[in-house]
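Everything below belongs to protein38.txt, which stores compact mmCIF, C-alpha atoms and all ligand atoms.
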```
# COMPACT_ATOMS: atom_id res chain seq x y z
CA MET A 1 -168.97 47.63 -25.42
CA PRO A 2 -165.55 47.42 -23.71
CA PRO A 3 -165.58 45.55 -20.38
CA TRP A 4 -166.39 47.57 -17.28
CA THR A 5 -163.48 48.77 -15.16
CA ALA A 6 -163.16 51.00 -12.09
CA ALA A 7 -162.45 53.87 -14.51
CA ASP A 8 -166.16 53.69 -15.46
CA ILE A 9 -167.32 54.65 -11.95
CA PRO A 10 -169.27 57.91 -12.23
CA ASN A 11 -168.67 60.99 -10.11
CA LEU A 12 -169.93 60.24 -6.59
CA ALA A 13 -169.63 63.73 -5.08
CA GLY A 14 -172.37 64.26 -2.51
CA ARG A 15 -172.89 60.52 -1.92
CA THR A 16 -172.24 58.84 1.39
CA VAL A 17 -171.01 55.24 1.49
CA ILE A 18 -170.09 52.73 4.18
CA VAL A 19 -167.80 49.76 3.46
CA THR A 20 -167.55 47.11 6.17
CA GLY A 21 -164.28 45.23 6.56
CA ALA A 22 -162.48 48.03 4.74
CA THR A 23 -159.22 47.54 6.67
CA GLY A 24 -157.81 45.28 3.98
CA GLY A 25 -158.42 43.03 1.01
CA ILE A 26 -161.40 43.59 -1.24
CA GLY A 27 -163.07 46.04 1.16
CA TRP A 28 -160.09 48.40 1.24
CA HIS A 29 -159.96 48.53 -2.57
CA THR A 30 -163.73 49.07 -2.71
CA ALA A 31 -163.48 52.01 -0.31
CA LEU A 32 -160.47 53.41 -2.17
CA GLU A 33 -162.25 53.58 -5.53
CA LEU A 34 -165.47 55.01 -4.04
CA ALA A 35 -163.46 57.72 -2.25
CA ARG A 36 -161.44 58.41 -5.40
CA ARG A 37 -164.70 59.28 -7.19
CA GLY A 38 -165.64 61.73 -4.45
CA ALA A 39 -167.94 59.73 -2.16
CA ARG A 40 -167.88 60.55 1.56
CA THR A 41 -166.52 57.18 2.62
CA VAL A 42 -166.81 55.50 5.99
CA VAL A 43 -164.09 52.88 6.49
CA ALA A 44 -165.65 50.51 9.02
CA GLY A 45 -163.32 48.11 10.82
CA ARG A 46 -163.37 46.01 13.98
CA ASP A 47 -159.94 47.22 15.09
CA PRO A 48 -160.08 51.04 15.52
CA ASP A 49 -156.34 51.52 14.93
CA LYS A 50 -156.41 49.40 11.80
CA ALA A 51 -159.48 51.31 10.55
CA GLU A 52 -157.70 54.65 11.14
CA ALA A 53 -154.61 53.37 9.30
CA ALA A 54 -156.75 52.12 6.39
CA ALA A 55 -158.58 55.45 6.13
CA ALA A 56 -155.26 57.32 6.24
CA SER A 57 -153.78 55.14 3.51
CA ILE A 58 -156.84 55.82 1.32
CA ARG A 59 -156.64 59.58 1.98
CA ALA A 60 -152.96 59.48 1.02
CA ARG A 61 -154.02 58.22 -2.40
CA THR A 62 -157.20 60.26 -2.96
CA GLY A 63 -155.96 63.63 -1.73
CA PRO A 64 -156.99 66.15 0.92
CA ARG A 65 -160.30 67.10 -0.74
CA THR A 66 -161.84 63.68 -0.16
CA THR A 67 -163.72 62.76 3.01
CA VAL A 68 -162.64 59.38 4.32
CA GLN A 69 -163.53 58.58 7.92
CA ALA A 70 -162.67 55.56 10.02
CA ALA A 71 -165.31 54.13 12.36
CA PRO A 72 -165.15 51.17 14.74
CA LEU A 73 -167.56 48.38 13.85
CA ASP A 74 -167.27 44.83 15.13
CA LEU A 75 -169.93 42.77 13.37
CA ALA A 76 -169.38 39.97 15.86
CA ASP A 77 -170.76 42.16 18.65
CA LEU A 78 -174.29 43.56 18.35
CA ALA A 79 -173.52 46.27 20.92
CA SER A 80 -170.75 47.50 18.61
CA VAL A 81 -173.15 47.44 15.64
CA ARG A 82 -175.62 49.55 17.66
CA ARG A 83 -172.88 52.03 18.69
CA PHE A 84 -171.71 52.37 15.09
CA THR A 85 -175.20 52.95 13.69
CA ALA A 86 -176.20 55.40 16.46
CA ARG A 87 -173.11 57.47 15.73
CA PHE A 88 -173.62 57.30 11.98
CA LEU A 89 -177.29 58.33 12.21
CA ALA A 90 -176.38 61.25 14.49
CA ASP A 91 -173.73 62.53 12.07
CA HIS A 92 -175.36 61.91 8.66
CA ASP A 93 -178.73 62.67 7.11
CA GLY A 94 -178.70 59.74 4.72
CA LEU A 95 -176.78 56.79 3.30
CA ASP A 96 -176.45 56.16 -0.44
CA VAL A 97 -174.49 52.91 -0.48
CA LEU A 98 -173.89 50.27 2.17
CA VAL A 99 -171.35 47.63 1.15
CA ASN A 100 -171.72 44.59 3.42
CA ASN A 101 -168.25 43.23 2.67
CA ALA A 102 -166.58 42.06 5.90
CA GLY A 103 -166.16 38.36 6.40
CA VAL A 104 -164.34 35.51 8.08
CA MET A 105 -163.83 32.16 6.43
CA ALA A 106 -163.58 28.55 7.52
CA ILE A 107 -162.39 29.28 11.06
CA PRO A 108 -162.51 26.73 13.87
CA ARG A 109 -165.77 27.04 15.82
CA GLU A 110 -165.88 30.20 17.93
CA LEU A 111 -168.69 32.34 19.30
CA THR A 112 -169.44 36.01 18.88
CA ALA A 113 -170.06 38.31 21.85
CA ASP A 114 -173.75 37.41 21.54
CA GLY A 115 -173.14 33.66 21.46
CA PHE A 116 -173.61 33.13 17.72
CA GLU A 117 -171.33 30.85 15.71
CA ARG A 118 -168.78 33.39 14.45
CA GLN A 119 -169.06 32.88 10.67
CA LEU A 120 -172.86 33.17 10.62
CA GLY A 121 -172.66 35.86 13.31
CA THR A 122 -170.17 38.06 11.42
CA ASN A 123 -170.97 37.39 7.79
CA HIS A 124 -174.77 37.31 8.02
CA LEU A 125 -176.27 38.30 11.40
CA GLY A 126 -173.98 41.30 11.94
CA HIS A 127 -174.77 42.63 8.47
CA PHE A 128 -178.48 41.87 8.92
CA ALA A 129 -178.52 44.00 12.10
CA LEU A 130 -176.37 46.71 10.53
CA THR A 131 -178.65 47.04 7.51
CA GLY A 132 -181.81 47.08 9.63
CA LEU A 133 -180.44 49.75 11.96
CA LEU A 134 -179.38 51.88 8.97
CA LEU A 135 -182.64 51.42 7.09
CA SER A 136 -183.99 54.90 7.89
CA ALA A 137 -180.81 56.48 6.49
CA LEU A 138 -181.00 54.33 3.34
CA LEU A 139 -184.67 55.17 2.79
CA ALA A 140 -183.82 58.87 3.16
CA ARG A 141 -181.90 58.59 -0.13
CA PRO A 142 -184.18 57.31 -2.92
CA GLY A 143 -182.25 54.81 -5.05
CA ALA A 144 -179.90 53.89 -2.20
CA ARG A 145 -178.11 50.58 -2.60
CA VAL A 146 -177.20 47.73 -0.33
CA VAL A 147 -174.42 45.61 -1.81
CA THR A 148 -173.93 42.31 -0.02
CA VAL A 149 -170.73 40.39 -0.73
CA SER A 150 -171.25 36.65 -0.91
CA SER A 151 -169.10 33.95 -2.52
CA SER A 152 -169.56 31.39 -5.28
CA LEU A 153 -169.54 28.89 -2.40
CA TYR A 154 -173.08 29.95 -1.50
CA ALA A 155 -174.12 27.35 -4.06
CA SER A 156 -172.73 24.61 -1.79
CA GLY A 157 -174.44 26.08 1.24
CA ARG A 158 -177.45 24.92 3.21
CA VAL A 159 -179.23 26.77 5.98
CA ASP A 160 -179.54 24.23 8.76
CA PHE A 161 -182.32 25.68 10.91
CA ASP A 162 -182.08 22.70 13.28
CA ASP A 163 -178.43 23.44 14.04
CA LEU A 164 -177.89 26.99 12.82
CA MET A 165 -174.93 27.61 15.16
CA GLY A 166 -173.22 24.28 14.47
CA GLU A 167 -173.56 23.16 18.08
CA ARG A 168 -174.09 19.51 17.20
CA ASN A 169 -172.23 19.27 13.92
CA TYR A 170 -169.68 21.92 12.94
CA GLY A 171 -167.69 22.01 9.72
CA GLN A 172 -165.40 25.00 9.10
CA LEU A 173 -166.24 25.24 5.41
CA ARG A 174 -169.86 24.12 5.89
CA ALA A 175 -170.42 27.02 8.27
CA TYR A 176 -168.82 29.44 5.79
CA ASN A 177 -170.97 28.18 2.92
CA GLN A 178 -174.09 28.49 5.09
CA SER A 179 -173.18 32.09 5.94
CA LYS A 180 -172.58 32.93 2.28
CA LEU A 181 -175.92 31.40 1.23
CA ALA A 182 -177.47 33.46 4.04
CA ASN A 183 -175.92 36.58 2.44
CA VAL A 184 -177.64 35.79 -0.86
CA LEU A 185 -181.00 34.90 0.71
CA PHE A 186 -180.86 38.08 2.81
CA ALA A 187 -180.06 40.30 -0.17
CA PHE A 188 -182.94 38.96 -2.26
CA GLU A 189 -185.39 38.99 0.66
CA LEU A 190 -184.42 42.59 1.42
CA GLN A 191 -185.34 43.50 -2.17
CA ARG A 192 -188.67 41.67 -1.96
CA ARG A 193 -189.56 43.45 1.29
CA ALA A 194 -188.50 46.85 -0.11
CA ASP A 195 -190.58 46.24 -3.24
CA ALA A 196 -193.60 45.22 -1.16
CA VAL A 197 -193.77 48.70 0.41
CA GLY A 198 -192.66 50.55 -2.74
CA ALA A 199 -189.33 51.62 -1.19
CA ALA A 200 -186.78 52.95 -3.67
CA LEU A 201 -184.01 50.70 -2.39
CA ALA A 202 -181.84 48.41 -4.53
CA SER A 203 -180.38 45.34 -2.87
CA VAL A 204 -177.72 43.69 -5.00
CA VAL A 205 -175.70 40.60 -4.21
CA VAL A 206 -172.20 40.09 -5.56
CA HIS A 207 -169.41 37.59 -5.43
CA PRO A 208 -165.84 38.64 -6.13
CA GLY A 209 -164.49 35.44 -7.67
CA VAL A 210 -161.25 34.32 -6.08
CA ALA A 211 -158.50 36.69 -4.93
CA ARG A 212 -155.39 36.54 -2.81
CA THR A 213 -156.36 38.22 0.46
CA ASN A 214 -156.04 37.48 4.18
CA LEU A 215 -159.32 35.56 4.11
CA ALA A 216 -157.75 32.11 3.96
CA HIS A 217 -155.34 32.72 6.83
CA THR A 218 -157.32 30.57 9.22
CA GLY A 219 -156.36 27.38 10.97
CA GLY A 220 -156.15 23.66 10.42
CA PRO A 221 -156.23 21.62 7.23
CA VAL A 222 -158.76 23.85 5.47
CA ARG A 223 -156.25 26.70 5.53
CA ALA A 224 -153.74 24.83 3.37
CA VAL A 225 -156.38 23.98 0.76
CA LEU A 226 -157.68 27.54 0.62
CA LEU A 227 -154.22 29.05 0.35
CA ARG A 228 -153.41 26.67 -2.51
CA LEU A 229 -156.64 27.69 -4.31
CA MET A 230 -155.89 31.37 -3.80
CA ARG A 231 -152.33 30.94 -5.09
CA LEU A 232 -153.77 29.47 -8.29
CA THR A 233 -155.71 32.63 -9.06
CA ALA A 234 -154.19 35.59 -10.79
CA GLN A 235 -156.83 37.98 -9.48
CA THR A 236 -155.70 40.79 -7.23
CA PRO A 237 -157.94 42.20 -4.46
CA ALA A 238 -158.31 45.35 -6.58
CA GLU A 239 -159.66 43.29 -9.46
CA ALA A 240 -161.92 41.30 -7.12
CA ALA A 241 -163.41 44.58 -5.85
CA ARG A 242 -164.89 45.26 -9.29
CA SER A 243 -168.06 43.22 -8.62
CA SER A 244 -168.87 45.36 -5.56
CA LEU A 245 -167.93 48.59 -7.32
CA PHE A 246 -170.06 47.77 -10.36
CA ALA A 247 -173.04 46.92 -8.14
CA ALA A 248 -172.55 50.05 -6.04
CA THR A 249 -172.16 52.57 -8.84
CA THR A 250 -173.40 51.44 -12.25
CA PRO A 251 -176.37 53.66 -13.06
CA ASP A 252 -178.56 50.97 -14.62
CA ILE A 253 -178.37 48.41 -11.82
CA HIS A 254 -181.63 46.87 -10.62
CA GLY A 255 -182.38 45.54 -7.17
CA GLY A 256 -182.32 41.76 -7.02
CA GLU A 257 -179.45 41.40 -9.49
CA PHE A 258 -176.42 39.18 -8.86
CA ILE A 259 -173.03 40.45 -10.05
CA ALA A 260 -169.90 38.28 -10.41
CA PRO A 261 -166.72 38.07 -12.51
CA GLY A 262 -167.47 36.95 -16.04
CA GLY A 263 -164.30 34.88 -16.63
CA PRO A 264 -163.89 31.07 -16.58
CA GLY A 265 -165.71 29.52 -13.64
CA GLN A 266 -166.53 33.05 -12.41
CA ARG A 267 -163.17 33.01 -10.63
CA SER A 268 -161.91 36.20 -12.27
CA GLY A 269 -162.78 38.72 -14.91
CA HIS A 270 -164.83 41.82 -15.47
CA PRO A 271 -168.14 42.12 -13.63
CA THR A 272 -171.24 40.74 -15.24
CA ARG A 273 -174.82 39.87 -14.30
CA ILE A 274 -175.27 36.18 -13.46
CA VAL A 275 -178.28 33.95 -12.96
CA PRO A 276 -178.35 32.70 -9.39
CA ASP A 277 -178.58 29.06 -8.43
CA GLU A 278 -182.00 27.65 -7.53
CA ARG A 279 -181.27 27.67 -3.78
CA ALA A 280 -180.65 31.42 -3.92
CA ARG A 281 -184.22 31.89 -5.13
CA ASP A 282 -185.80 29.77 -2.38
CA THR A 283 -188.24 32.34 -1.00
CA ALA A 284 -189.54 30.10 1.81
CA THR A 285 -186.04 29.63 3.26
CA ALA A 286 -185.26 33.33 2.76
CA SER A 287 -188.40 34.38 4.62
CA ARG A 288 -187.76 31.93 7.47
CA LEU A 289 -184.14 33.07 7.75
CA TRP A 290 -185.34 36.69 7.93
CA THR A 291 -187.68 35.88 10.82
CA VAL A 292 -184.99 33.93 12.67
CA SER A 293 -182.45 36.72 12.08
CA GLN A 294 -184.87 39.28 13.52
CA GLU A 295 -185.39 37.12 16.59
CA LEU A 296 -181.68 36.48 17.12
CA THR A 297 -180.51 40.08 16.65
CA GLY A 298 -183.56 41.87 18.02
CA VAL A 299 -183.43 44.14 14.96
CA ARG A 300 -186.64 44.71 13.02
CA PHE A 301 -186.95 46.42 9.67
CA THR A 302 -189.97 48.37 10.90
CA ALA A 303 -190.36 50.43 7.70
CA PHE A 304 -191.21 47.15 5.97
CA ASP A 305 -193.79 46.04 8.52
CA ARG A 306 -196.61 47.70 6.60
CA ALA A 307 -196.41 44.99 3.93
N1 LIG B 401 -160.85 36.54 -1.33
C1 LIG B 401 -161.66 35.71 -1.97
O1 LIG B 401 -161.21 34.91 -2.81
C2 LIG B 401 -163.14 35.74 -1.73
C3 LIG B 401 -163.94 34.86 -2.44
C4 LIG B 401 -165.32 34.87 -2.24
C5 LIG B 401 -165.87 35.78 -1.36
N2 LIG B 401 -165.08 36.63 -0.66
C6 LIG B 401 -165.73 37.56 0.29
O2 LIG B 401 -165.19 38.85 0.14
C7 LIG B 401 -165.31 39.57 1.37
C8 LIG B 401 -164.00 40.25 1.70
O3 LIG B 401 -163.03 39.25 1.95
P1 LIG B 401 -161.47 39.43 1.62
O4 LIG B 401 -161.10 38.34 0.70
O5 LIG B 401 -161.14 40.83 1.27
O6 LIG B 401 -160.86 39.04 3.04
P2 LIG B 401 -159.91 39.79 4.08
O7 LIG B 401 -158.74 40.39 3.40
O8 LIG B 401 -159.67 38.81 5.17
O9 LIG B 401 -160.84 40.97 4.60
C9 LIG B 401 -161.94 40.71 5.45
C10 LIG B 401 -162.31 41.98 6.16
O10 LIG B 401 -163.38 41.67 7.07
C11 LIG B 401 -163.05 42.21 8.34
N3 LIG B 401 -163.70 41.54 9.45
C12 LIG B 401 -163.56 40.27 9.88
N4 LIG B 401 -164.32 40.06 10.98
C13 LIG B 401 -164.93 41.23 11.24
C14 LIG B 401 -165.82 41.66 12.26
N5 LIG B 401 -166.20 40.85 13.26
N6 LIG B 401 -166.28 42.93 12.22
C15 LIG B 401 -165.88 43.77 11.26
N7 LIG B 401 -165.02 43.43 10.27
C16 LIG B 401 -164.56 42.17 10.29
C17 LIG B 401 -161.52 42.09 8.42
O11 LIG B 401 -161.05 42.92 9.45
P3 LIG B 401 -159.60 42.71 10.11
O12 LIG B 401 -158.67 43.50 9.24
O13 LIG B 401 -159.74 43.31 11.47
O14 LIG B 401 -159.31 41.23 10.12
C18 LIG B 401 -161.17 42.56 7.02
O15 LIG B 401 -161.20 43.96 6.92
C19 LIG B 401 -165.78 38.54 2.41
O16 LIG B 401 -167.17 38.69 2.65
C20 LIG B 401 -165.52 37.20 1.73
O17 LIG B 401 -166.41 36.19 2.18
C21 LIG B 401 -163.72 36.65 -0.82
```
As structure tokens - that is how I would like this structure written.
Amino acid sequence: MPPWTAADIPNLAGRTVIVTGATGGIGWHTALELARRGARTVVAGRDPDKAEAAAASIRARTGPRTTVQAAPLDLADLASVRRFTARFLADHDGLDVLVNNAGVMAIPRELTADGFERQLGTNHLGHFALTGLLLSALLARPGARVVTVSSSLYASGRVDFDDLMGERNYGQLRAYNQSKLANVLFAFELQRRADAVGAALASVVVHPGVARTNLAHTGGPVRAVLLRLMRLTAQTPAEAARSSLFAATTPDIHGGEFIAPGGPGQRSGHPTRIVPDERARDTATASRLWTVSQELTGVRFTAFDRA
């Protein structure tokens, strides 16, 4: 079979999708291709003007018959997550695909509006809350998918429950790797909890390989290393979006799968199913992280409480 490309995405007319961090990079290309195939696409971005501009630039490419809406969503502010979800639930009767894509990488230590370390707060806790608050809309569409964008660096991550927010010992990259492992643990735990109540929800985790985006434009010595690594890769953001697009749209996807580029070192290439590292399958850590994330965000996945 020829390798999968965005041209293989089926018709998505009648589907509703949300892509977080769709103002640029991999998220923008993900939203573009979903809209091109006819999905009602919500371009979620922390800066409202940037989100409007991103939605407009997608509409300019997909034509007037497509529905592409911008919506403000700052994952580093739980009040913003609640405003976004309240508005979405009021305006839509269901959600077919949620792409948890937004992320920040290797930044100096900062806090979110709720006092969380910003990488864990944005990359994991914001998406945890977003998914939980949208759960009713996802369950209203049997077969709905949650695609969570991690990184190959999850395999170097460790969830440090004794210092989750890096108060005592902060490393820019260490905090990123922890947040990206949290993405993987969350995605698999979400699938286990959906399965336990027989919910027709597929949670899929992806990593995009390496692509030249704004992600590495951070500060300090880590920035130079990351920019060098990104310059070495030939992958464009459009190519890196293929993992998310495959996970979001391929008909025969199963919840609990992990999709990544199939090229050398998984840095680039066409999307393929990969076997996750042992730490990704650590159910005790995943379950503990879930409980802690519920406590920190105040968001419960009540539809799963029957299990
Ligand atoms: N590029 C790579 O090589 C690579 C490798 C592995 C994994 N990834 C993952 O791929 C995903 C996309 O990254 P990218 O490379 O496309 O980076 P990017 O170009 O920097 O895009 C990141 C997106 O996240 C948004 N964002 C950041 N903080 C946010 C917040 N608090 N609330 C809402 N949105 C926020 C950004 O919004 P603004 O426009 O407002 O900044 C932007 O739209 C990330 O999860 C990243 O960890 C990327």
Within 6 Å of ligand LIG 401 (chain B): each chain A residue with its shortest pair, only C-alpha atoms and all ligand atoms, as a Markdown table:
```
| residue | atom | partner | partner_atom | distance |
| --- | --- | --- | --- | --- |
| A:Gly21 | CA | B:LIG401 | O15 | 3.4 |
| A:Ala22 | CA | B:LIG401 | O15 | 4.8 |
| A:Thr23 | CA | B:LIG401 | O15 | 4.1 |
| A:Gly24 | CA | B:LIG401 | O15 | 4.7 |
| A:Gly25 | CA | B:LIG401 | O5 | 3.5 |
| A:Ile26 | CA | B:LIG401 | O5 | 3.7 |
| A:Gly27 | CA | B:LIG401 | O5 | 5.6 |
| A:Gly45 | CA | B:LIG401 | N7 | 5.0 |
| A:Arg46 | CA | B:LIG401 | C15 | 4.3 |
| A:Asp47 | CA | B:LIG401 | O13 | 5.3 |
| A:Leu73 | CA | B:LIG401 | C15 | 5.5 |
| A:Asp74 | CA | B:LIG401 | N6 | 3.6 |
| A:Leu75 | CA | B:LIG401 | N6 | 3.8 |
| A:Ala76 | CA | B:LIG401 | N5 | 4.2 |
| A:Asn101 | CA | B:LIG401 | O16 | 4.7 |
| A:Ala102 | CA | B:LIG401 | O10 | 3.4 |
| A:Gly103 | CA | B:LIG401 | O16 | 3.9 |
| A:Val104 | CA | B:LIG401 | C12 | 5.1 |
| A:Thr122 | CA | B:LIG401 | N5 | 5.2 |
| A:Val149 | CA | B:LIG401 | O16 | 5.2 |
| A:Ser150 | CA | B:LIG401 | C5 | 5.5 |
| A:Ser151 | CA | B:LIG401 | C5 | 3.9 |
| A:His207 | CA | B:LIG401 | C5 | 5.7 |
| A:Pro208 | CA | B:LIG401 | C4 | 5.4 |
| A:Gly209 | CA | B:LIG401 | C3 | 5.3 |
| A:Val210 | CA | B:LIG401 | O1 | 3.3 |
| A:Ala211 | CA | B:LIG401 | O1 | 3.9 |
| A:Arg212 | CA | B:LIG401 | N1 | 5.7 |
| A:Thr213 | CA | B:LIG401 | O7 | 4.4 |
| A:Asn214 | CA | B:LIG401 | O8 | 4.0 |
| A:Leu215 | CA | B:LIG401 | O8 | 3.4 |
```
*Calculate how many Å separate CA of Ala70 (chain A) from CA of Val97 (chain A), rounding to one decimal.*
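Between CA of Ala70 (chain A) and CA of Val97 (chain A) the gap is 16.0 Å.
The neighbours of region 251-263 of chain A here are the residues that come within 8 Å of it, using all atoms listed in the file and leaving out any residue fewer than 6 positions away in the same chain; they are A:Ala187, A:Phe188, A:Gln191, A:Leu201, A:Ala202, A:Ser203, A:Val204, A:Val205, A:Val206, A:His207, A:Pro208, A:Gly209, A:Ala240, A:Ser243, A:Ser244, A:Gly269, A:His270, A:Pro271, A:Thr272, A:Arg273, A:Ile274, A:Val275, A:Pro276.
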*Tell me, in Å to one decimal, how far CA of Ser268 (chain A) is from CA of His29 (chain A).*
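Between CA of Ser268 (chain A) and CA of His29 (chain A) the gap works out to 15.8 Å.
Across the structure, CA of Arg40 (chain A) and CA of Val197 (chain A) are spaced 28.5 Å apart.
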Contacts of Met105 (chain A) at 7 Å (all atoms listed in the file; same-chain gap of 4+ positions) as a short mmCIF file (atom, residue, chain, number, x, y, z; two decimals) with C-alpha atoms, in the coordinates of the input:
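result20.cif, freshly written:
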```cif
data_model
loop_
_atom_site.label_atom_id
_atom_site.label_comp_id
_atom_site.auth_asym_id
_atom_site.auth_seq_id
_atom_site.Cartn_x
_atom_site.Cartn_y
_atom_site.Cartn_z
CA GLN A 119 -169.06 32.88 10.67
CA TYR A 176 -168.82 29.44 5.79
CA LEU A 215 -159.32 35.56 4.11
CA ALA A 216 -157.75 32.11 3.96
#
```
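Of the residues under consideration (A:Leu229, A:Lys50, A:Leu34, A:Asp305), A:Leu34 shows the shortest atom-to-atom contact distance to Thr62 (chain A) when counting only C-alpha atoms.
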*Kindly indicate which residue among A:Leu32, A:Leu185, A:Val147, A:Leu111 lies nearest to Pro237 (chain A), using all atoms listed in the file for the distances.*
A:Leu32
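Considering all atoms listed in the file, the residue among A:Leu226, A:Leu173, A:Ala241, A:Ala286 positioned nearest to Arg192 (chain A) is A:Ala286.
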*Which residues come within 12 Å of Leu164 (chain A), counting all atoms listed in the file, excluding same-chain residues fewer than 5 positions away, as a list in words?*
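The residues that qualify are Gly115, Phe116, Glu117, Arg118, Gln119, Leu120, Gly121, His124, Leu125, Arg158, Val159, Asn169, Tyr170, Gly171, Arg174, Ala175, Tyr176, Gln178, Ser179, Ala182, Leu289, Val292, Ser293 and Leu296 of chain A.
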_Calculated over all atoms listed in the file, which of the candidates A:Gly94, A:Pro64, A:Gly166, A:Pro10 has the smallest distance to Phe246 (chain A)?_
A:Pro10
